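As stored in work35.cif (mmCIF, C-alpha atoms):
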data_final
#
loop_
_atom_site.label_atom_id
_atom_site.label_comp_id
_atom_site.auth_asym_id
_atom_site.auth_seq_id
_atom_site.Cartn_x
_atom_site.Cartn_y
_atom_site.Cartn_z
CA MET I 1 -34.43 20.19 -20.53
CA THR I 2 -34.25 16.43 -20.97
CA MET I 3 -32.48 13.85 -18.86
CA ALA I 4 -29.70 13.64 -21.45
CA ASP I 5 -29.04 17.37 -21.14
CA ILE I 6 -28.87 17.15 -17.35
CA GLY I 7 -26.46 14.21 -17.72
CA LEU I 8 -24.20 16.17 -20.05
CA TYR I 9 -24.12 19.16 -17.69
CA LEU I 10 -23.35 16.84 -14.77
CA ALA I 11 -20.57 15.15 -16.75
CA ALA I 12 -19.07 18.50 -17.73
CA ILE I 13 -18.99 19.54 -14.06
CA CYS I 14 -17.36 16.21 -13.15
CA LEU I 15 -14.70 16.79 -15.82
CA LEU I 16 -13.96 20.29 -14.54
CA ILE I 17 -13.68 19.06 -10.93
CA GLY I 18 -11.38 16.24 -12.02
CA ALA I 19 -9.16 18.57 -14.02
CA ALA I 20 -8.97 20.98 -11.08
CA PHE I 21 -7.89 18.21 -8.70
CA THR I 22 -5.30 16.98 -11.19
CA LEU I 23 -3.89 20.50 -11.39
CA VAL I 24 -3.74 20.77 -7.58
CA GLY I 25 -1.79 17.50 -7.49
CA ALA I 26 0.72 18.85 -10.01
CA ILE I 27 1.00 22.17 -8.15
CA GLY I 28 1.76 20.26 -4.97
CA LEU I 29 4.39 18.24 -6.83
CA ILE I 30 6.14 21.45 -7.89
CA LYS I 31 5.57 23.59 -4.81
CA LEU I 32 6.33 21.43 -1.78
CA ASP I 33 9.91 21.31 -0.60
CA ASP I 34 10.45 17.94 1.06
CA ALA I 35 10.51 14.55 -0.66
CA MET I 36 7.98 13.03 1.73
CA LYS I 37 5.67 16.07 1.54
CA ARG I 38 5.68 15.90 -2.25
CA LEU I 39 4.40 12.33 -2.04
CA HIS I 40 1.06 13.51 -0.65
CA ALA I 41 -0.23 15.75 -3.40
CA PRO I 42 -0.02 13.73 -6.64
CA THR I 43 -0.63 10.19 -5.38
CA LYS I 44 -4.00 11.04 -3.87
CA VAL I 45 -5.31 14.31 -5.17
CA GLY I 46 -4.25 13.17 -8.65
CA THR I 47 -5.95 9.78 -8.23
CA MET I 48 -9.11 11.55 -7.10
CA GLY I 49 -8.88 13.84 -10.14
CA ILE I 50 -8.65 10.93 -12.56
CA GLY I 51 -11.52 9.26 -10.67
CA ALA I 52 -13.71 12.28 -11.36
CA LEU I 53 -12.67 12.31 -15.06
CA LEU I 54 -13.61 8.61 -15.38
CA LEU I 55 -16.94 9.25 -13.62
CA GLY I 56 -17.59 12.03 -16.14
CA SER I 57 -16.84 9.59 -18.97
CA ILE I 58 -19.35 7.08 -17.57
CA ILE I 59 -22.06 9.76 -17.27
CA VAL I 60 -21.38 10.97 -20.83
CA SER I 61 -21.79 7.46 -22.24
CA PHE I 62 -25.13 7.09 -20.45
CA ALA I 63 -26.32 10.54 -21.52
CA ARG I 64 -25.47 9.74 -25.15
CA GLY I 65 -27.72 6.70 -24.97
CA GLY I 66 -25.14 3.95 -24.55
CA SER I 67 -24.12 2.21 -21.39
CA SER I 68 -20.50 1.85 -20.58
CA ILE I 69 -19.31 1.14 -17.07
CA HIS I 70 -15.95 -0.41 -17.82
CA GLU I 71 -14.27 2.82 -16.71
CA LEU I 72 -15.04 1.44 -13.24
CA LEU I 73 -12.27 -1.11 -13.88
CA ILE I 74 -9.63 1.59 -14.40
CA MET I 75 -10.93 3.44 -11.34
CA ALA I 76 -10.79 0.34 -9.15
CA PHE I 77 -7.31 -0.49 -10.48
CA LEU I 78 -6.00 3.01 -9.77
CA PHE I 79 -7.47 3.05 -6.27
CA ALA I 80 -6.04 -0.39 -5.51
CA THR I 81 -2.55 0.42 -6.79
CA ALA I 82 -2.10 4.02 -5.57
CA PRO I 83 -1.31 3.02 -1.96
CA ILE I 84 1.21 0.43 -3.14
CA SER I 85 3.11 2.87 -5.38
CA ALA I 86 3.05 5.51 -2.61
CA ASN I 87 4.38 2.98 -0.13
CA PHE I 88 7.18 1.91 -2.49
CA ILE I 89 8.19 5.53 -3.18
CA SER I 90 8.27 6.36 0.53
CA LYS I 91 10.40 3.27 1.12
CA VAL I 92 12.79 4.57 -1.56
CA ASN I 93 12.92 7.94 0.22
CA ILE I 94 13.67 6.29 3.56
CA HIS I 95 16.25 4.00 1.98
CA ARG I 96 18.06 6.89 0.27
CA ARG I 97 17.82 8.95 3.53
CA CYS I 98 16.46 11.95 1.60
CA CYS I 99 13.76 12.85 4.10
CA ASP I 100 13.60 13.77 7.77
CA GLU I 101 15.12 11.28 10.18
CA THR I 102 12.67 8.48 10.95
CA PRO I 103 11.68 8.26 14.64
CA GLU I 104 13.42 5.69 16.84
CA LEU I 105 11.49 2.74 18.18
CA GLN I 106 11.66 1.33 21.67
CA GLY I 107 12.25 -2.37 22.38
CA GLY I 108 15.11 -2.91 19.91
CA GLN I 109 12.91 -2.82 16.81
CA THR I 110 13.76 -1.01 13.60
CA TRP I 111 11.83 -0.02 10.51
CA SER I 112 11.84 -2.82 8.01
CA THR I 113 13.36 -0.72 5.21
CA LEU I 114 16.40 -0.01 7.40
CA VAL I 115 17.00 -3.61 8.45
CA GLU I 116 20.30 -4.91 7.19
CA ARG I 117 19.71 -8.17 5.36
CA GLU I 118 21.83 -11.27 5.68
CA GLU I 119 22.91 -11.32 2.06
CA ASP I 120 23.96 -7.64 2.26
CA LYS I 121 26.13 -8.42 5.28
CA ALA I 122 27.75 -11.27 3.38
CA VAL I 123 28.53 -8.93 0.45
CA LYS I 124 30.04 -6.36 2.82
CA GLU I 125 32.24 -8.94 4.51
CA LYS I 126 33.56 -10.15 1.18
CA ALA I 127 34.48 -6.61 0.09
CA MET R 128 -19.95 -32.28 -0.60
CA ILE R 129 -18.18 -29.51 1.31
CA ARG R 130 -14.84 -31.01 0.32
CA PHE R 131 -15.89 -30.96 -3.33
CA PHE R 132 -16.99 -27.33 -2.96
CA ASN R 133 -13.63 -26.46 -1.41
CA TRP R 134 -11.82 -28.31 -4.19
CA LEU R 135 -13.78 -26.50 -6.91
CA PHE R 136 -13.58 -23.05 -5.31
CA PRO R 137 -10.20 -22.83 -3.59
CA HIS R 138 -10.58 -19.08 -3.44
CA PRO R 139 -14.28 -18.08 -3.67
CA PHE R 140 -13.62 -14.35 -3.56
CA LEU R 141 -11.17 -14.61 -6.49
CA THR R 142 -13.80 -16.53 -8.48
CA LEU R 143 -16.31 -13.74 -7.90
CA LEU R 144 -13.77 -11.04 -8.72
CA LEU R 145 -12.68 -12.70 -11.99
CA THR R 146 -16.30 -13.12 -13.11
CA VAL R 147 -17.16 -9.50 -12.39
CA VAL R 148 -14.01 -8.22 -14.10
CA TRP R 149 -14.73 -10.35 -17.19
CA VAL R 150 -18.28 -9.03 -17.45
CA LEU R 151 -17.05 -5.45 -16.99
CA LEU R 152 -14.36 -5.95 -19.66
CA GLN R 153 -16.98 -7.09 -22.18
CA ASN R 154 -18.91 -3.92 -21.34
CA GLU R 155 -22.28 -5.42 -22.20
CA PHE R 156 -24.12 -7.87 -20.08
CA SER R 157 -25.29 -11.10 -21.69
CA ALA R 158 -25.91 -14.49 -20.14
CA GLY R 159 -23.30 -16.19 -22.34
CA MET R 160 -20.57 -13.78 -21.31
CA ALA R 161 -21.48 -14.19 -17.63
CA VAL R 162 -21.27 -17.98 -17.94
CA PHE R 163 -17.93 -17.76 -19.74
CA GLY R 164 -16.70 -15.41 -17.02
CA LEU R 165 -17.81 -17.90 -14.39
CA ILE R 166 -15.95 -20.70 -16.21
CA LEU R 167 -12.79 -18.56 -16.23
CA GLY R 168 -13.41 -17.70 -12.59
CA ILE R 169 -13.48 -21.40 -11.72
CA VAL R 170 -10.64 -22.59 -13.97
CA ILE R 171 -8.08 -19.91 -13.08
CA PRO R 172 -8.21 -20.27 -9.27
CA ARG R 173 -8.28 -24.07 -9.65
CA ALA R 174 -5.22 -24.04 -11.92
CA THR R 175 -3.30 -21.68 -9.65
CA ALA R 176 -4.47 -23.22 -6.36
CA VAL R 177 -0.98 -24.59 -5.75
CA TRP R 178 0.29 -21.04 -5.30
CA TRP R 179 -2.39 -20.12 -2.75
CA PRO R 180 -1.21 -22.35 0.10
CA ASP R 181 -3.26 -20.68 2.86
CA ARG R 182 -7.02 -20.61 2.84
CA PRO R 183 -8.11 -16.99 2.48
CA VAL R 184 -9.33 -15.48 5.72
CA GLY R 185 -13.00 -14.70 6.03
CA PHE R 186 -14.36 -11.30 6.86
CA LYS R 187 -17.77 -9.89 7.77
CA LEU R 188 -19.29 -8.67 4.52
CA GLY R 189 -21.85 -6.23 5.96
CA LYS R 190 -19.32 -4.47 8.17
CA MET R 191 -16.83 -4.41 5.28
CA LEU R 192 -19.37 -2.62 3.05
CA SER R 193 -20.13 0.02 5.69
CA TYR R 194 -16.36 0.42 6.21
CA ILE R 195 -15.87 0.99 2.47
CA CYS R 196 -18.62 3.65 2.47
CA LEU R 197 -16.96 5.37 5.44
CA VAL R 198 -13.57 5.34 3.70
CA ILE R 199 -14.99 6.74 0.44
CA TRP R 200 -16.65 9.57 2.37
CA ASP R 201 -13.38 10.27 4.21
CA ILE R 202 -11.47 10.29 0.92
CA LEU R 203 -13.86 12.89 -0.53
CA VAL R 204 -13.73 15.17 2.51
CA ALA R 205 -9.99 14.83 3.09
CA ASN R 206 -9.16 15.43 -0.59
CA VAL R 207 -10.71 18.89 -0.40
CA GLN R 208 -8.87 19.58 2.87
CA VAL R 209 -5.50 18.53 1.42
CA ALA R 210 -6.08 20.52 -1.77
CA TRP R 211 -6.80 23.55 0.44
CA VAL R 212 -3.66 22.97 2.54
CA VAL R 213 -1.49 22.53 -0.59
CA LEU R 214 -2.85 25.67 -2.24
CA THR R 215 -2.98 28.08 0.70
CA ARG R 216 -0.22 27.18 3.13
CA SER R 217 3.38 28.09 2.49
CA ASN R 218 6.04 25.47 3.01
CA LYS R 219 7.09 27.01 6.32
CA ASP R 220 3.73 26.78 8.09
CA MET R 221 3.14 23.24 6.93
CA LYS R 222 3.93 21.10 9.94
CA SER R 223 4.61 17.70 8.47
CA ALA R 224 5.51 15.01 10.95
CA TRP R 225 6.31 11.34 11.31
CA ILE R 226 3.70 9.53 13.38
CA VAL R 227 4.32 6.13 14.96
CA VAL R 228 1.12 4.13 15.28
CA PRO R 229 1.31 1.14 17.63
CA LEU R 230 -0.64 -1.71 16.05
CA GLU R 231 -3.05 -4.12 17.66
CA LEU R 232 -3.92 -5.90 14.41
CA ARG R 233 -1.77 -8.90 13.55
CA SER R 234 -3.20 -10.59 10.45
CA PRO R 235 -1.48 -9.51 7.20
CA GLU R 236 -4.78 -8.93 5.38
CA ALA R 237 -6.06 -6.53 8.04
CA LEU R 238 -2.73 -4.71 8.12
CA THR R 239 -2.77 -4.33 4.32
CA VAL R 240 -6.27 -2.87 4.40
CA LEU R 241 -5.31 -0.51 7.23
CA ALA R 242 -2.16 0.72 5.45
CA GLY R 243 -4.09 1.17 2.20
CA THR R 244 -6.81 3.13 3.98
CA ILE R 245 -4.29 5.41 5.65
CA THR R 246 -2.61 6.12 2.33
CA LEU R 247 -5.85 6.68 0.40
CA THR R 248 -7.21 9.18 2.90
CA PRO R 249 -5.20 12.24 1.94
CA GLY R 250 -2.96 13.94 4.44
CA THR R 251 -1.38 10.74 5.67
CA VAL R 252 0.86 8.19 3.93
CA SER R 253 1.78 4.89 5.50
CA ALA R 254 5.50 4.67 4.88
CA ASP R 255 6.89 1.64 6.66
CA ILE R 256 6.25 -1.07 9.19
CA SER R 257 8.58 -2.16 11.97
CA ASP R 258 10.50 -5.38 11.48
CA LYS R 259 8.29 -7.36 13.85
CA GLY R 260 5.08 -5.76 12.63
CA ARG R 261 4.25 -3.96 15.87
CA PHE R 262 4.37 -0.32 14.69
CA LEU R 263 3.30 1.51 11.55
CA LEU R 264 5.22 4.56 10.37
CA VAL R 265 2.87 7.23 9.01
CA HIS R 266 3.83 10.54 7.46
CA ALA R 267 1.34 13.39 7.84
CA LEU R 268 1.39 16.40 5.53
CA HIS R 269 -0.03 18.94 7.97
CA ALA R 270 -0.45 17.74 11.54
CA PRO R 271 -0.24 20.40 14.24
CA ASP R 272 -1.14 17.69 16.78
CA PRO R 273 0.41 14.32 15.81
CA ASP R 274 -1.10 12.43 18.76
CA ALA R 275 -4.61 13.39 17.66
CA VAL R 276 -3.95 11.91 14.18
CA CYS R 277 -2.68 8.70 15.80
CA ASP R 278 -5.77 8.44 18.02
CA ASP R 279 -8.00 9.18 15.05
CA ILE R 280 -6.44 6.37 12.99
CA LYS R 281 -6.74 3.92 15.87
CA SER R 282 -10.33 4.71 16.82
CA ARG R 283 -11.71 5.35 13.34
CA TYR R 284 -10.10 2.60 11.24
CA GLU R 285 -8.24 0.08 13.37
CA ALA R 286 -11.11 -0.54 15.79
CA ARG R 287 -13.48 -1.18 12.88
CA LEU R 288 -10.98 -3.47 11.12
CA LYS R 289 -10.59 -5.50 14.30
CA GLU R 290 -14.31 -6.27 14.11
CA ILE R 291 -14.20 -7.06 10.38
CA PHE R 292 -11.29 -9.51 10.43
CA VAL R 293 -12.06 -11.62 13.47
CA MET F 294 -25.38 27.48 -24.22
CA THR F 295 -26.75 24.02 -25.00
CA ALA F 296 -25.58 20.96 -23.13
CA PRO F 297 -23.32 19.47 -25.87
CA GLU F 298 -21.62 22.84 -26.35
CA PHE F 299 -21.05 23.14 -22.60
CA LEU F 300 -19.61 19.62 -22.54
CA ASN F 301 -17.29 20.43 -25.43
CA LEU F 302 -16.09 23.55 -23.65
CA ALA F 303 -15.52 21.55 -20.43
CA VAL F 304 -13.56 18.90 -22.36
CA MET F 305 -11.41 21.59 -23.97
CA ILE F 306 -10.69 23.30 -20.62
CA SER F 307 -9.89 19.94 -19.02
CA PHE F 308 -7.52 19.09 -21.89
CA GLY F 309 -5.64 22.31 -21.23
CA VAL F 310 -5.53 21.88 -17.47
CA VAL F 311 -4.43 18.23 -17.54
CA ALA F 312 -1.79 19.05 -20.16
CA VAL F 313 -0.45 21.83 -17.92
CA SER F 314 -0.26 19.41 -14.99
CA GLN F 315 1.53 16.93 -17.24
CA ILE F 316 4.12 19.61 -18.05
CA MET F 317 4.51 20.47 -14.35
CA ALA F 318 5.14 16.82 -13.56
CA MET F 319 7.74 16.81 -16.33
CA ILE F 320 9.48 19.80 -14.73
CA ARG F 321 9.68 17.86 -11.45
CA LEU F 322 11.03 14.90 -13.41
CA VAL F 323 13.87 17.07 -14.73
CA ILE F 324 14.75 19.04 -11.58
CA GLY F 325 13.73 16.46 -8.96
CA PRO F 326 16.71 16.29 -6.63
CA ASN F 327 16.30 12.63 -5.63
CA THR F 328 15.45 9.35 -7.25
CA GLY F 329 12.22 9.14 -5.24
CA ASP F 330 11.01 12.42 -6.73
CA ARG F 331 11.71 11.21 -10.25
CA ILE F 332 9.78 7.98 -9.69
CA LEU F 333 6.90 10.01 -8.25
CA ALA F 334 6.93 12.38 -11.21
CA LEU F 335 6.84 9.44 -13.66
CA ASP F 336 3.95 7.89 -11.73
CA THR F 337 2.04 11.17 -11.86
CA MET F 338 2.70 11.48 -15.58
CA VAL F 339 1.26 8.01 -16.18
CA VAL F 340 -1.89 8.89 -14.20
CA ASN F 341 -2.28 12.17 -16.10
CA ALA F 342 -1.78 10.35 -19.41
CA ILE F 343 -4.74 8.11 -18.52
CA GLY F 344 -6.76 11.28 -17.93
CA LEU F 345 -5.78 12.66 -21.33
CA ILE F 346 -6.77 9.42 -23.07
CA VAL F 347 -10.15 9.38 -21.30
CA LEU F 348 -10.76 12.98 -22.35
CA LEU F 349 -9.86 12.11 -25.96
CA GLY F 350 -12.38 9.27 -25.81
CA ILE F 351 -15.12 11.63 -24.60
CA TRP F 352 -14.26 14.24 -27.20
CA GLN F 353 -14.38 11.82 -30.11
CA GLY F 354 -17.35 9.94 -28.68
CA THR F 355 -15.68 6.55 -29.02
CA ARG F 356 -14.91 3.70 -26.63
CA LEU F 357 -11.87 2.54 -28.56
CA TYR F 358 -9.39 4.15 -26.21
CA PHE F 359 -10.56 2.29 -23.12
CA GLU F 360 -8.17 -0.63 -23.59
CA ALA F 361 -5.28 1.76 -24.12
CA ALA F 362 -6.07 3.56 -20.88
CA LEU F 363 -6.35 0.27 -18.97
CA ILE F 364 -3.06 -1.03 -20.33
CA ILE F 365 -1.27 2.23 -19.55
CA ALA F 366 -2.63 2.06 -15.99
CA MET F 367 -1.27 -1.48 -15.57
CA LEU F 368 2.10 -0.74 -17.19
CA GLY F 369 2.47 2.42 -15.14
CA PHE F 370 1.93 0.61 -11.88
CA VAL F 371 4.28 -2.23 -12.76
CA SER F 372 7.01 0.14 -13.93
CA THR F 373 6.72 2.30 -10.79
CA VAL F 374 7.07 -0.77 -8.60
CA ALA F 375 9.93 -2.17 -10.69
CA TYR F 376 11.84 1.12 -10.61
CA ALA F 377 11.33 1.54 -6.84
CA ARG F 378 12.32 -2.05 -6.22
CA PHE F 379 15.45 -1.67 -8.30
CA VAL F 380 16.49 1.32 -6.20
CA LEU F 381 15.66 -0.51 -2.97
CA ARG F 382 17.27 -3.87 -3.64
CA GLY F 383 19.46 -3.43 -6.71
CA ASP F 384 17.44 -6.11 -8.44
CA ILE F 385 13.83 -6.49 -9.56
CA ILE F 386 13.22 -10.22 -9.30
CA GLU F 387 15.40 -11.90 -6.71
#
Could you quickly redo this structure as structure tokens?
Amino acid sequence: MTMADIGLYLAAICLLIGAAFTLVGAIGLIKLDDAMKRLHAPTKVGTMGIGALLLGSIIVSFARGGSSIHELLIMAFLFATAPISANFISKVNIHRRCCDETPELQGGQTWSTLVEREEDKAVKEKA
Amino acid sequence: MIRFFNWLFPHPFLTLLLTVVWVLLQNEFSAGMAVFGLILGIVIPRATAVWWPDRPVGFKLGKMLSYICLVIWDILVANVQVAWVVLTRSNKDMKSAWIVVPLELRSPEALTVLAGTITLTPGTVSADISDKGRFLLVHALHAPDPDAVCDDIKSRYEARLKEIFV
Amino acid sequence: MTAPEFLNLAVMISFGVVAVSQIMAMIRLVIGPNTGDRILALDTMVVNAIGLIVLLGIWQGTRLYFEAALIIAMLGFVSTVAYARFVLRGDIIE
């Protein structure tokens, strides 16, 4: 068994792990019953799944005698943007009030999504 | 000399990042491509320096690297845990909860890294921040003991970030 | 089973599994009761589409699809943020 063979086996295992995680993310998206709970499964387990697929792709390119590490760019991009998309979606859920009530804060502070902005007040007064 | 250096590299980290991304995009390393990447990495931050009014804050590189390794390890472990929770628990036994984390960090960069870390480690999503930036709202998928999660976030991530961004 | 055959089998299985997850995300897109769920389903579909493109690249042994995957990743992120921001503020660029 040569190094290339070991690499191909390793890559195949990476691909299977990645596909399994992707499927778990999708199952969570279907199964869970609350908007905020649903946010957990796909944004992270799915990202992890795609990370494993990309790692498999890198290993395959090395095992086939090339060298290609630009998949790292996609991986880094996905890992940098996943928290931002998750944060925006949870802000949408809070804004549309389609999740459990957010906890109250002491000291007269509120959550920034629920703050009423000046320009919104102006629009309301006009109406 | 230092002023010239500051003029040429208004954002040293961005210069480094642009060079690395350019080399990765080419997908084969050659000296010419690295030099061209470096030229782009100098010209782009210089041309857009007007839109970076604040000097970027410094951080401790060694501690940042060990923090990144810790976070990657946590992501791997917690992914398996969340996959297990999603697959085996029914919706009724899943105790999801809002957790309010009081913050000691103040700088925006540190807060961004903290919120990103909380979201990337599965099981918790950082959802919102209070209007004065004193509390972070975190949603946990399965947290039988919400206070333990809060303590874990504070001792495991926030304490380390306080040392990184001085 | 030799290594290339095993890899081909793994790629085929992964194609099937990722395609099934893509369909499940599409079901959530259709039934999703709230706007947030629909945005989340679209985001998941974009991520899964990147996975499918990467698998196609491995299967055909070419690097041509890398740029497509990168551009889909960028477009997917920007569209998720734009959609969420539109729901939040009623406007994308204020």
Which residues would end up in the selection if the PyMOL selection byres ((chain F) within 9 of (chain I)) were applied here, given that I need the answer as a PDB file with C-alpha atoms, in the coordinates of the input?
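And here is the file that came out, selection-v6.pdb:
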ATOM      1  CA  THR F 295     -26.750  24.020 -25.000  1.00  0.00           C
ATOM      2  CA  ALA F 296     -25.580  20.960 -23.130  1.00  0.00           C
ATOM      3  CA  PRO F 297     -23.320  19.470 -25.870  1.00  0.00           C
ATOM      4  CA  PHE F 299     -21.050  23.140 -22.600  1.00  0.00           C
ATOM      5  CA  LEU F 300     -19.610  19.620 -22.540  1.00  0.00           C
ATOM      6  CA  ASN F 301     -17.290  20.430 -25.430  1.00  0.00           C
ATOM      7  CA  LEU F 302     -16.090  23.550 -23.650  1.00  0.00           C
ATOM      8  CA  ALA F 303     -15.520  21.550 -20.430  1.00  0.00           C
ATOM      9  CA  VAL F 304     -13.560  18.900 -22.360  1.00  0.00           C
ATOM     10  CA  ILE F 306     -10.690  23.300 -20.620  1.00  0.00           C
ATOM     11  CA  SER F 307      -9.890  19.940 -19.020  1.00  0.00           C
ATOM     12  CA  PHE F 308      -7.520  19.090 -21.890  1.00  0.00           C
ATOM     13  CA  GLY F 309      -5.640  22.310 -21.230  1.00  0.00           C
ATOM     14  CA  VAL F 310      -5.530  21.880 -17.470  1.00  0.00           C
ATOM     15  CA  VAL F 311      -4.430  18.230 -17.540  1.00  0.00           C
ATOM     16  CA  VAL F 313      -0.450  21.830 -17.920  1.00  0.00           C
ATOM     17  CA  SER F 314      -0.260  19.410 -14.990  1.00  0.00           C
ATOM     18  CA  GLN F 315       1.530  16.930 -17.240  1.00  0.00           C
ATOM     19  CA  ILE F 316       4.120  19.610 -18.050  1.00  0.00           C
ATOM     20  CA  MET F 317       4.510  20.470 -14.350  1.00  0.00           C
ATOM     21  CA  ALA F 318       5.140  16.820 -13.560  1.00  0.00           C
ATOM     22  CA  ILE F 320       9.480  19.800 -14.730  1.00  0.00           C
ATOM     23  CA  ARG F 321       9.680  17.860 -11.450  1.00  0.00           C
ATOM     24  CA  PRO F 326      16.710  16.290  -6.630  1.00  0.00           C
ATOM     25  CA  ASN F 327      16.300  12.630  -5.630  1.00  0.00           C
ATOM     26  CA  THR F 328      15.450   9.350  -7.250  1.00  0.00           C
ATOM     27  CA  GLY F 329      12.220   9.140  -5.240  1.00  0.00           C
ATOM     28  CA  ASP F 330      11.010  12.420  -6.730  1.00  0.00           C
ATOM     29  CA  ILE F 332       9.780   7.980  -9.690  1.00  0.00           C
ATOM     30  CA  LEU F 333       6.900  10.010  -8.250  1.00  0.00           C
ATOM     31  CA  ALA F 334       6.930  12.380 -11.210  1.00  0.00           C
ATOM     32  CA  ASP F 336       3.950   7.890 -11.730  1.00  0.00           C
ATOM     33  CA  THR F 337       2.040  11.170 -11.860  1.00  0.00           C
ATOM     34  CA  VAL F 340      -1.890   8.890 -14.200  1.00  0.00           C
ATOM     35  CA  ASN F 341      -2.280  12.170 -16.100  1.00  0.00           C
ATOM     36  CA  ILE F 343      -4.740   8.110 -18.520  1.00  0.00           C
ATOM     37  CA  GLY F 344      -6.760  11.280 -17.930  1.00  0.00           C
ATOM     38  CA  VAL F 347     -10.150   9.380 -21.300  1.00  0.00           C
ATOM     39  CA  LEU F 348     -10.760  12.980 -22.350  1.00  0.00           C
ATOM     40  CA  GLY F 350     -12.380   9.270 -25.810  1.00  0.00           C
ATOM     41  CA  ILE F 351     -15.120  11.630 -24.600  1.00  0.00           C
ATOM     42  CA  GLY F 354     -17.350   9.940 -28.680  1.00  0.00           C
ATOM     43  CA  ARG F 356     -14.910   3.700 -26.630  1.00  0.00           C
ATOM     44  CA  PHE F 359     -10.560   2.290 -23.120  1.00  0.00           C
ATOM     45  CA  ALA F 362      -6.070   3.560 -20.880  1.00  0.00           C
ATOM     46  CA  LEU F 363      -6.350   0.270 -18.970  1.00  0.00           C
ATOM     47  CA  ALA F 366      -2.630   2.060 -15.990  1.00  0.00           C
ATOM     48  CA  MET F 367      -1.270  -1.480 -15.570  1.00  0.00           C
ATOM     49  CA  PHE F 370       1.930   0.610 -11.880  1.00  0.00           C
ATOM     50  CA  THR F 373       6.720   2.300 -10.790  1.00  0.00           C
ATOM     51  CA  VAL F 374       7.070  -0.770  -8.600  1.00  0.00           C
ATOM     52  CA  ALA F 377      11.330   1.540  -6.840  1.00  0.00           C
ATOM     53  CA  ARG F 378      12.320  -2.050  -6.220  1.00  0.00           C
ATOM     54  CA  VAL F 380      16.490   1.320  -6.200  1.00  0.00           C
ATOM     55  CA  LEU F 381      15.660  -0.510  -2.970  1.00  0.00           C
TER      56      LEU F 381
END
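If we count only C-alpha atoms, these residues of chain R sit within 12 Å of chain F: R:Leu151, R:Leu152, R:Gln153, R:Asn154.
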- request: Would you kindly translate the PyMOL selection byres ((chain R) within 6 of (chain I)) into the concrete residues it picks from this file, as JSON, numbers by chain?
  value: {"R": [151, 154, 213, 243, 246, 254, 256, 257, 258, 268]}
Dump C-alpha atoms for the selected residues as a PDB file, in the frame of the given file?
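Saved to part-v9.pdb:
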ATOM      1  CA  LEU R 151     -17.050  -5.450 -16.990  1.00  0.00           C
ATOM      2  CA  ASN R 154     -18.910  -3.920 -21.340  1.00  0.00           C
ATOM      3  CA  VAL R 213      -1.490  22.530  -0.590  1.00  0.00           C
ATOM      4  CA  GLY R 243      -4.090   1.170   2.200  1.00  0.00           C
ATOM      5  CA  THR R 246      -2.610   6.120   2.330  1.00  0.00           C
ATOM      6  CA  ALA R 254       5.500   4.670   4.880  1.00  0.00           C
ATOM      7  CA  ILE R 256       6.250  -1.070   9.190  1.00  0.00           C
ATOM      8  CA  SER R 257       8.580  -2.160  11.970  1.00  0.00           C
ATOM      9  CA  ASP R 258      10.500  -5.380  11.480  1.00  0.00           C
ATOM     10  CA  LEU R 268       1.390  16.400   5.530  1.00  0.00           C
TER      11      LEU R 268
END
- prompt: Mind pulling up the distance from CA of His266 (chain R) to CA of Ser223 (chain R)?
  reply: 7.3 Å
message: If the PyMOL selection byres ((chain R and resi 159-175) around 12) were run on this exact file, what residues would it hold? Put them as a PyMOL selection string.
response: chain R and resi 132-158+176-180
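Here CA of Asp181 (chain R) and CA of Val293 (chain R) stand 16.5 Å from one another.
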task: Can you work out the spacing between CA of His269 (chain R) and CA of Met221 (chain R) in Å, to one decimal?
output: 5.4 Å
Can you report as lines of an AutoDock Vina configuration file the centre and edge lengths in Å, to one decimal, of an axis-aligned box around the listed atoms of region 49-62 of chain I padded with 4 Å on each side?
center_x = -16.9
center_y = 10.5
center_z = -16.2
size_x = 24.5
size_y = 14.8
size_z = 20.1
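Among the candidates R:Ala275, R:Met191, R:Met128, R:Ala224, the residue lying nearest to Thr251 (chain R) is R:Ala224 (atoms considered: all atoms listed in the file).
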I want to know what sits within 12 Å of Pro229 (chain R), based on all atoms listed in the file, with residues of the same chain fewer than 6 positions away left out; could you give that as a PDB file with C-alpha atoms, keeping the file's coordinate frame?
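Writing done, so here's out.pdb:
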ATOM      1  CA  LEU I 105      11.490   2.740  18.180  1.00  0.00           C
ATOM      2  CA  GLN I 106      11.660   1.330  21.670  1.00  0.00           C
TER       3      GLN I 106
ATOM      4  CA  LEU R 238      -2.730  -4.710   8.120  1.00  0.00           C
ATOM      5  CA  ILE R 256       6.250  -1.070   9.190  1.00  0.00           C
ATOM      6  CA  SER R 257       8.580  -2.160  11.970  1.00  0.00           C
ATOM      7  CA  LYS R 259       8.290  -7.360  13.850  1.00  0.00           C
ATOM      8  CA  GLY R 260       5.080  -5.760  12.630  1.00  0.00           C
ATOM      9  CA  ARG R 261       4.250  -3.960  15.870  1.00  0.00           C
ATOM     10  CA  PHE R 262       4.370  -0.320  14.690  1.00  0.00           C
ATOM     11  CA  LEU R 263       3.300   1.510  11.550  1.00  0.00           C
ATOM     12  CA  LEU R 264       5.220   4.560  10.370  1.00  0.00           C
ATOM     13  CA  VAL R 265       2.870   7.230   9.010  1.00  0.00           C
ATOM     14  CA  ASP R 274      -1.100  12.430  18.760  1.00  0.00           C
ATOM     15  CA  CYS R 277      -2.680   8.700  15.800  1.00  0.00           C
ATOM     16  CA  ASP R 278      -5.770   8.440  18.020  1.00  0.00           C
ATOM     17  CA  ILE R 280      -6.440   6.370  12.990  1.00  0.00           C
ATOM     18  CA  LYS R 281      -6.740   3.920  15.870  1.00  0.00           C
ATOM     19  CA  GLU R 285      -8.240   0.080  13.370  1.00  0.00           C
TER      20      GLU R 285
END
